[in-house]
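What follows is a set of notes on a single structure, which appears directly below.
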Amino acid sequence: MVSLNRNGRYWQARWTDPLTGRLCRRSIGPRESISRQQAMAVCQMIGEEVAQAATIKLTHGETP
C-alpha cells in the first residue's frame, strides 16, 4: 500500500518494497499546484506499478 505524505511544500508517496522490505519514497510534486485528490490518484498508480513489478519478479523466480 502506498501512502501520501507531506514533505515540506511537496507531496511524497511512501511505501515498503514487498520484496526487500525497504522503505521507498517518490516525490509527486509541489502541494501548491497539486491537490490532495490528484496526489492520492498518483499514489494509487504507483501502488499498481509496485504490485505489478513484484508479481513479475516473483513469477520469474527473481529474488532480492
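Going by the C-alpha cells order, chains are called A, B, ..., each with residues numbered from 1, while ligands are numbered from 1 in the order shown.
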
Applying 9 Å and only C-alpha atoms, which residues near A:Arg36 remain after dropping the ones on its own chain fewer than 4 positions away? List them as a PDB file with N, CA, C and O atoms, in the first residue's frame.
```
ATOM      1  N   LEU A   4       0.285   8.663   1.207  1.00  0.00           N
ATOM      2  CA  LEU A   4       0.617  10.032   0.812  1.00  0.00           C
ATOM      3  C   LEU A   4       1.171  10.765   2.020  1.00  0.00           C
ATOM      4  O   LEU A   4       0.558  10.773   3.082  1.00  0.00           O
ATOM      5  N   TRP A  11       4.334  16.960  -2.023  1.00  0.00           N
ATOM      6  CA  TRP A  11       3.682  15.682  -1.768  1.00  0.00           C
ATOM      7  C   TRP A  11       4.698  14.589  -2.031  1.00  0.00           C
ATOM      8  O   TRP A  11       5.515  14.690  -2.945  1.00  0.00           O
ATOM      9  N   ARG A  31       2.846  20.947  -3.356  1.00  0.00           N
ATOM     10  CA  ARG A  31       1.490  20.954  -2.809  1.00  0.00           C
ATOM     11  C   ARG A  31       0.687  22.141  -3.306  1.00  0.00           C
ATOM     12  O   ARG A  31      -0.543  22.060  -3.369  1.00  0.00           O
ATOM     13  N   MET A  40      -3.310  11.656  -4.328  1.00  0.00           N
ATOM     14  CA  MET A  40      -3.788  10.324  -3.955  1.00  0.00           C
ATOM     15  C   MET A  40      -3.944   9.443  -5.196  1.00  0.00           C
ATOM     16  O   MET A  40      -3.646   8.242  -5.146  1.00  0.00           O
ATOM     17  N   ALA A  41      -4.382  10.026  -6.301  1.00  0.00           N
ATOM     18  CA  ALA A  41      -4.512   9.265  -7.547  1.00  0.00           C
ATOM     19  C   ALA A  41      -3.138   8.790  -8.022  1.00  0.00           C
ATOM     20  O   ALA A  41      -2.988   7.653  -8.494  1.00  0.00           O
TER      21      ALA A  41
END
```

For A:Arg6, list every protein, DNA or RNA residue within 10 Å, evaluated using only C-alpha atoms, and leave out those in the same chain fewer than 3 positions away; present the list as number ranges by chain. A: 9-13, 27-28, 30-31, 36

Taking all heavy atoms for each residue, export the selection above as a JSON list (two decimals), in the first residue's frame.
```json
[["chain", "number", "residue", "atom", "x", "y", "z"],
["A", 9, "ARG", "N", 6.94, 21.48, 1.40],
["A", 9, "ARG", "CA", 5.98, 22.03, 0.44],
["A", 9, "ARG", "C", 5.62, 21.04, -0.66],
["A", 9, "ARG", "O", 4.97, 21.40, -1.63],
["A", 9, "ARG", "CB", 6.56, 23.30, -0.18],
["A", 9, "ARG", "CG", 6.77, 24.39, 0.84],
["A", 9, "ARG", "CD", 7.24, 25.69, 0.27],
["A", 9, "ARG", "NE", 7.92, 25.58, -1.00],
["A", 9, "ARG", "CZ", 8.63, 26.54, -1.56],
["A", 9, "ARG", "NH1", 8.76, 27.69, -0.96],
["A", 9, "ARG", "NH2", 9.20, 26.36, -2.73],
["A", 10, "TYR", "N", 6.05, 19.79, -0.53],
["A", 10, "TYR", "CA", 5.85, 18.80, -1.60],
["A", 10, "TYR", "C", 5.05, 17.60, -1.10],
["A", 10, "TYR", "O", 5.10, 17.24, 0.07],
["A", 10, "TYR", "CB", 7.20, 18.32, -2.14],
["A", 10, "TYR", "CG", 7.93, 19.39, -2.87],
["A", 10, "TYR", "CD1", 8.76, 20.27, -2.20],
["A", 10, "TYR", "CD2", 7.76, 19.56, -4.24],
["A", 10, "TYR", "CE1", 9.41, 21.29, -2.87],
["A", 10, "TYR", "CE2", 8.41, 20.57, -4.92],
["A", 10, "TYR", "CZ", 9.23, 21.43, -4.22],
["A", 10, "TYR", "OH", 9.87, 22.44, -4.89],
["A", 11, "TRP", "N", 4.33, 16.96, -2.02],
["A", 11, "TRP", "CA", 3.68, 15.68, -1.77],
["A", 11, "TRP", "C", 4.70, 14.59, -2.03],
["A", 11, "TRP", "O", 5.52, 14.69, -2.95],
["A", 11, "TRP", "CB", 2.49, 15.48, -2.69],
["A", 11, "TRP", "CG", 1.32, 16.35, -2.44],
["A", 11, "TRP", "CD1", 0.80, 17.28, -3.29],
["A", 11, "TRP", "CD2", 0.47, 16.38, -1.28],
["A", 11, "TRP", "NE1", -0.30, 17.88, -2.73],
["A", 11, "TRP", "CE2", -0.53, 17.33, -1.49],
["A", 11, "TRP", "CE3", 0.47, 15.67, -0.08],
["A", 11, "TRP", "CZ2", -1.51, 17.61, -0.55],
["A", 11, "TRP", "CZ3", -0.51, 15.95, 0.85],
["A", 11, "TRP", "CH2", -1.49, 16.91, 0.60],
["A", 12, "GLN", "N", 4.60, 13.52, -1.27],
["A", 12, "GLN", "CA", 5.52, 12.41, -1.42],
["A", 12, "GLN", "C", 4.75, 11.10, -1.23],
["A", 12, "GLN", "O", 3.95, 10.97, -0.31],
["A", 12, "GLN", "CB", 6.61, 12.53, -0.35],
["A", 12, "GLN", "CG", 7.74, 11.57, -0.47],
["A", 12, "GLN", "CD", 8.77, 11.85, 0.61],
["A", 12, "GLN", "OE1", 8.47, 11.71, 1.79],
["A", 12, "GLN", "NE2", 9.96, 12.23, 0.21],
["A", 13, "ALA", "N", 5.00, 10.15, -2.12],
["A", 13, "ALA", "CA", 4.43, 8.81, -1.98],
["A", 13, "ALA", "C", 5.42, 7.97, -1.19],
["A", 13, "ALA", "O", 6.63, 8.07, -1.38],
["A", 13, "ALA", "CB", 4.20, 8.19, -3.35],
["A", 27, "SER", "N", 8.82, 11.53, -4.95],
["A", 27, "SER", "CA", 8.23, 12.86, -4.93],
["A", 27, "SER", "C", 7.14, 12.94, -5.99],
["A", 27, "SER", "O", 7.30, 12.47, -7.11],
["A", 27, "SER", "CB", 9.30, 13.92, -5.21],
["A", 27, "SER", "OG", 8.72, 15.20, -5.22],
["A", 28, "ILE", "N", 6.01, 13.54, -5.60],
["A", 28, "ILE", "CA", 4.89, 13.69, -6.53],
["A", 28, "ILE", "C", 4.85, 15.09, -7.12],
["A", 28, "ILE", "O", 4.57, 15.26, -8.29],
["A", 28, "ILE", "CB", 3.56, 13.35, -5.82],
["A", 28, "ILE", "CG1", 3.57, 11.87, -5.41],
["A", 28, "ILE", "CG2", 2.37, 13.67, -6.70],
["A", 28, "ILE", "CD1", 2.40, 11.47, -4.57],
["A", 30, "PRO", "N", 4.82, 19.73, -6.06],
["A", 30, "PRO", "CA", 4.53, 20.79, -5.08],
["A", 30, "PRO", "C", 3.06, 20.78, -4.65],
["A", 30, "PRO", "O", 2.16, 20.63, -5.47],
["A", 30, "PRO", "CB", 4.88, 22.07, -5.80],
["A", 30, "PRO", "CG", 4.87, 21.74, -7.24],
["A", 30, "PRO", "CD", 5.17, 20.28, -7.36],
["A", 31, "ARG", "N", 2.85, 20.95, -3.36],
["A", 31, "ARG", "CA", 1.49, 20.95, -2.81],
["A", 31, "ARG", "C", 0.69, 22.14, -3.31],
["A", 31, "ARG", "O", -0.54, 22.06, -3.37],
["A", 31, "ARG", "CB", 1.55, 20.96, -1.29],
["A", 31, "ARG", "CG", 2.04, 19.65, -0.74],
["A", 31, "ARG", "CD", 2.30, 19.63, 0.74],
["A", 31, "ARG", "NE", 1.29, 20.33, 1.51],
["A", 31, "ARG", "CZ", 1.51, 20.84, 2.70],
["A", 31, "ARG", "NH1", 2.69, 20.73, 3.26],
["A", 31, "ARG", "NH2", 0.54, 21.46, 3.35],
["A", 36, "ARG", "N", -4.68, 17.39, -3.06],
["A", 36, "ARG", "CA", -4.56, 16.13, -2.32],
["A", 36, "ARG", "C", -5.19, 14.99, -3.11],
["A", 36, "ARG", "O", -4.65, 13.88, -3.17],
["A", 36, "ARG", "CB", -5.23, 16.27, -0.96],
["A", 36, "ARG", "CG", -5.14, 15.04, -0.11],
["A", 36, "ARG", "CD", -5.76, 15.27, 1.27],
["A", 36, "ARG", "NE", -5.67, 14.10, 2.09],
["A", 36, "ARG", "CZ", -4.60, 13.71, 2.78],
["A", 36, "ARG", "NH1", -3.51, 14.46, 2.75],
["A", 36, "ARG", "NH2", -4.61, 12.62, 3.49]]
```

Secondary structure check, strand (DSSP E) residues of chain A, as a PyMOL selection string: chain A and resi 3-7+10-16+23-30

Kindly export the residues of the current selection with N, CA, C and O atoms, as a short mmCIF file (atom, residue, chain, number, x, y, z; two decimals), in the first residue's frame.
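Just written: result-v7.cif:
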```cif
data_model
loop_
_atom_site.label_atom_id
_atom_site.label_comp_id
_atom_site.auth_asym_id
_atom_site.auth_seq_id
_atom_site.Cartn_x
_atom_site.Cartn_y
_atom_site.Cartn_z
N SER A 3 1.22 5.23 0.68
CA SER A 3 0.58 6.30 1.44
C SER A 3 1.09 7.66 0.96
O SER A 3 2.18 7.77 0.40
N LEU A 4 0.29 8.66 1.21
CA LEU A 4 0.62 10.03 0.81
C LEU A 4 1.17 10.77 2.02
O LEU A 4 0.56 10.77 3.08
N ASN A 5 2.34 11.37 1.85
CA ASN A 5 2.97 12.16 2.91
C ASN A 5 3.25 13.56 2.41
O ASN A 5 3.37 13.80 1.21
N ARG A 6 3.36 14.47 3.38
CA ARG A 6 3.80 15.83 3.07
C ARG A 6 5.28 15.92 3.41
O ARG A 6 5.71 15.48 4.48
N ASN A 7 6.05 16.47 2.54
CA ASN A 7 7.47 16.67 2.75
C ASN A 7 7.74 18.16 2.54
O ASN A 7 8.09 18.58 1.44
N TYR A 10 6.05 19.79 -0.53
CA TYR A 10 5.85 18.80 -1.60
C TYR A 10 5.05 17.60 -1.10
O TYR A 10 5.10 17.24 0.07
N TRP A 11 4.33 16.96 -2.02
CA TRP A 11 3.68 15.68 -1.77
C TRP A 11 4.70 14.59 -2.03
O TRP A 11 5.52 14.69 -2.95
N GLN A 12 4.60 13.52 -1.27
CA GLN A 12 5.52 12.41 -1.42
C GLN A 12 4.75 11.10 -1.23
O GLN A 12 3.95 10.97 -0.31
N ALA A 13 5.00 10.15 -2.12
CA ALA A 13 4.43 8.81 -1.98
C ALA A 13 5.42 7.97 -1.19
O ALA A 13 6.63 8.07 -1.38
N ARG A 14 4.88 7.14 -0.27
CA ARG A 14 5.75 6.30 0.56
C ARG A 14 5.17 4.89 0.62
O ARG A 14 3.97 4.72 0.80
N TRP A 15 6.04 3.91 0.46
CA TRP A 15 5.62 2.51 0.54
C TRP A 15 6.80 1.64 0.94
O TRP A 15 7.94 2.08 0.91
N THR A 16 6.49 0.42 1.32
CA THR A 16 7.52 -0.56 1.64
C THR A 16 7.62 -1.54 0.48
O THR A 16 6.61 -2.10 0.05
N LEU A 23 11.98 0.80 2.86
CA LEU A 23 11.09 1.95 2.70
C LEU A 23 11.46 2.69 1.42
O LEU A 23 12.64 2.97 1.17
N CYS A 24 10.46 2.98 0.59
CA CYS A 24 10.68 3.68 -0.67
C CYS A 24 9.86 4.97 -0.66
O CYS A 24 8.78 5.03 -0.07
N ARG A 25 10.38 5.98 -1.33
CA ARG A 25 9.68 7.25 -1.44
C ARG A 25 9.82 7.78 -2.86
O ARG A 25 10.83 7.56 -3.50
N ARG A 26 8.78 8.50 -3.29
CA ARG A 26 8.84 9.15 -4.61
C ARG A 26 8.15 10.50 -4.49
O ARG A 26 7.03 10.59 -3.99
N SER A 27 8.82 11.53 -4.95
CA SER A 27 8.23 12.86 -4.93
C SER A 27 7.14 12.94 -5.99
O SER A 27 7.30 12.47 -7.11
N ILE A 28 6.01 13.54 -5.60
CA ILE A 28 4.89 13.69 -6.53
C ILE A 28 4.85 15.09 -7.12
O ILE A 28 4.57 15.26 -8.29
N GLY A 29 5.16 16.08 -6.30
CA GLY A 29 5.19 17.45 -6.80
C GLY A 29 4.80 18.44 -5.72
O GLY A 29 4.48 18.07 -4.59
N PRO A 30 4.82 19.73 -6.06
CA PRO A 30 4.53 20.79 -5.08
C PRO A 30 3.06 20.78 -4.65
O PRO A 30 2.16 20.63 -5.47
#
```

Can you tell me, as a ChimeraX atom specification, what residues are no more than 8 Å from stretch 44-55 of chain A when counting only C-alpha atoms, ignoring any on the same chain fewer than 5 positions away? /A:1-2,17-19

Could the residues in this selection be written to a file with N, CA, C and O atoms, as a PDB file, in the first residue's frame?
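Generated file (out.pdb):
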```
ATOM      1  N   MET A   1       0.827  -1.175   0.000  1.00  0.00           N
ATOM      2  CA  MET A   1       0.000   0.000   0.000  1.00  0.00           C
ATOM      3  C   MET A   1       0.874   1.242   0.000  1.00  0.00           C
ATOM      4  O   MET A   1       1.860   1.335   0.718  1.00  0.00           O
ATOM      5  N   VAL A   2       0.527   2.190  -0.826  1.00  0.00           N
ATOM      6  CA  VAL A   2       1.266   3.444  -0.939  1.00  0.00           C
ATOM      7  C   VAL A   2       0.509   4.519  -0.173  1.00  0.00           C
ATOM      8  O   VAL A   2      -0.696   4.685  -0.344  1.00  0.00           O
ATOM      9  N   ASP A  17       8.822  -1.737  -0.023  1.00  0.00           N
ATOM     10  CA  ASP A  17       9.041  -2.664  -1.132  1.00  0.00           C
ATOM     11  C   ASP A  17       8.649  -4.066  -0.671  1.00  0.00           C
ATOM     12  O   ASP A  17       9.180  -4.556   0.334  1.00  0.00           O
ATOM     13  N   PRO A  18       7.725  -4.716  -1.388  1.00  0.00           N
ATOM     14  CA  PRO A  18       7.258  -6.042  -0.943  1.00  0.00           C
ATOM     15  C   PRO A  18       8.330  -7.137  -1.032  1.00  0.00           C
ATOM     16  O   PRO A  18       8.218  -8.152  -0.354  1.00  0.00           O
ATOM     17  N   LEU A  19       9.348  -6.936  -1.822  1.00  0.00           N
ATOM     18  CA  LEU A  19      10.378  -7.963  -1.970  1.00  0.00           C
ATOM     19  C   LEU A  19      11.534  -7.781  -0.999  1.00  0.00           C
ATOM     20  O   LEU A  19      12.078  -8.756  -0.497  1.00  0.00           O
TER      21      LEU A  19
END
```

Please, which residues of chain A, numbered as in this document, come out alpha helix (DSSP H) from DSSP, as a ChimeraX atom specification? /A:36-59

Output N, CA and C atoms for every residue in that selection, as a CSV table (one decimal), in the first residue's frame.
```csv
chain,number,residue,atom,x,y,z
A,36,ARG,N,-4.7,17.4,-3.1
A,36,ARG,CA,-4.6,16.1,-2.3
A,36,ARG,C,-5.2,15.0,-3.1
A,37,GLN,N,-6.3,15.3,-3.7
A,37,GLN,CA,-7.0,14.2,-4.5
A,37,GLN,C,-6.1,13.8,-5.7
A,38,GLN,N,-5.5,14.7,-6.4
A,38,GLN,CA,-4.6,14.3,-7.5
A,38,GLN,C,-3.4,13.5,-7.0
A,39,ALA,N,-2.9,14.0,-5.9
A,39,ALA,CA,-1.7,13.3,-5.3
A,39,ALA,C,-2.1,11.8,-4.9
A,40,MET,N,-3.3,11.7,-4.3
A,40,MET,CA,-3.8,10.3,-4.0
A,40,MET,C,-3.9,9.4,-5.2
A,41,ALA,N,-4.4,10.0,-6.3
A,41,ALA,CA,-4.5,9.3,-7.5
A,41,ALA,C,-3.1,8.8,-8.0
A,42,VAL,N,-2.1,9.6,-7.9
A,42,VAL,CA,-0.8,9.3,-8.3
A,42,VAL,C,-0.3,8.1,-7.3
A,43,CYS,N,-0.6,8.2,-6.1
A,43,CYS,CA,-0.2,7.1,-5.1
A,43,CYS,C,-0.8,5.8,-5.5
A,44,GLN,N,-2.1,5.9,-6.0
A,44,GLN,CA,-2.8,4.6,-6.4
A,44,GLN,C,-2.1,4.0,-7.6
A,45,MET,N,-1.7,4.9,-8.6
A,45,MET,CA,-1.0,4.4,-9.8
A,45,MET,C,0.4,3.8,-9.4
A,46,ILE,N,1.1,4.5,-8.5
A,46,ILE,CA,2.4,3.9,-8.0
A,46,ILE,C,2.2,2.6,-7.3
A,47,GLY,N,1.1,2.4,-6.5
A,47,GLY,CA,0.8,1.2,-5.9
A,47,GLY,C,0.6,0.1,-6.9
A,48,GLU,N,-0.1,0.4,-8.0
A,48,GLU,CA,-0.3,-0.6,-9.0
A,48,GLU,C,1.0,-1.0,-9.7
A,49,GLU,N,1.9,0.0,-9.9
A,49,GLU,CA,3.2,-0.3,-10.6
A,49,GLU,C,4.0,-1.2,-9.7
A,50,VAL,N,4.0,-0.9,-8.4
A,50,VAL,CA,4.8,-1.7,-7.4
A,50,VAL,C,4.3,-3.1,-7.3
A,51,ALA,N,3.0,-3.3,-7.3
A,51,ALA,CA,2.4,-4.6,-7.2
A,51,ALA,C,2.7,-5.4,-8.5
A,52,GLN,N,2.6,-4.8,-9.6
A,52,GLN,CA,2.8,-5.5,-10.9
A,52,GLN,C,4.3,-5.9,-11.0
A,53,ALA,N,5.2,-5.0,-10.6
A,53,ALA,CA,6.6,-5.3,-10.6
A,53,ALA,C,7.0,-6.5,-9.7
A,54,ALA,N,6.4,-6.5,-8.5
A,54,ALA,CA,6.6,-7.6,-7.5
A,54,ALA,C,6.1,-8.9,-8.1
A,55,THR,N,4.9,-8.8,-8.7
A,55,THR,CA,4.3,-10.1,-9.3
A,55,THR,C,5.2,-10.6,-10.4
A,56,ILE,N,5.7,-9.7,-11.2
A,56,ILE,CA,6.6,-10.2,-12.3
A,56,ILE,C,7.9,-10.8,-11.8
A,57,LYS,N,8.5,-10.2,-10.8
A,57,LYS,CA,9.7,-10.7,-10.2
A,57,LYS,C,9.5,-12.1,-9.6
A,58,LEU,N,8.4,-12.2,-8.8
A,58,LEU,CA,8.1,-13.5,-8.2
A,58,LEU,C,7.7,-14.5,-9.2
A,59,THR,N,7.1,-14.2,-10.3
A,59,THR,CA,6.7,-15.1,-11.3
A,59,THR,C,7.9,-15.7,-12.0
```
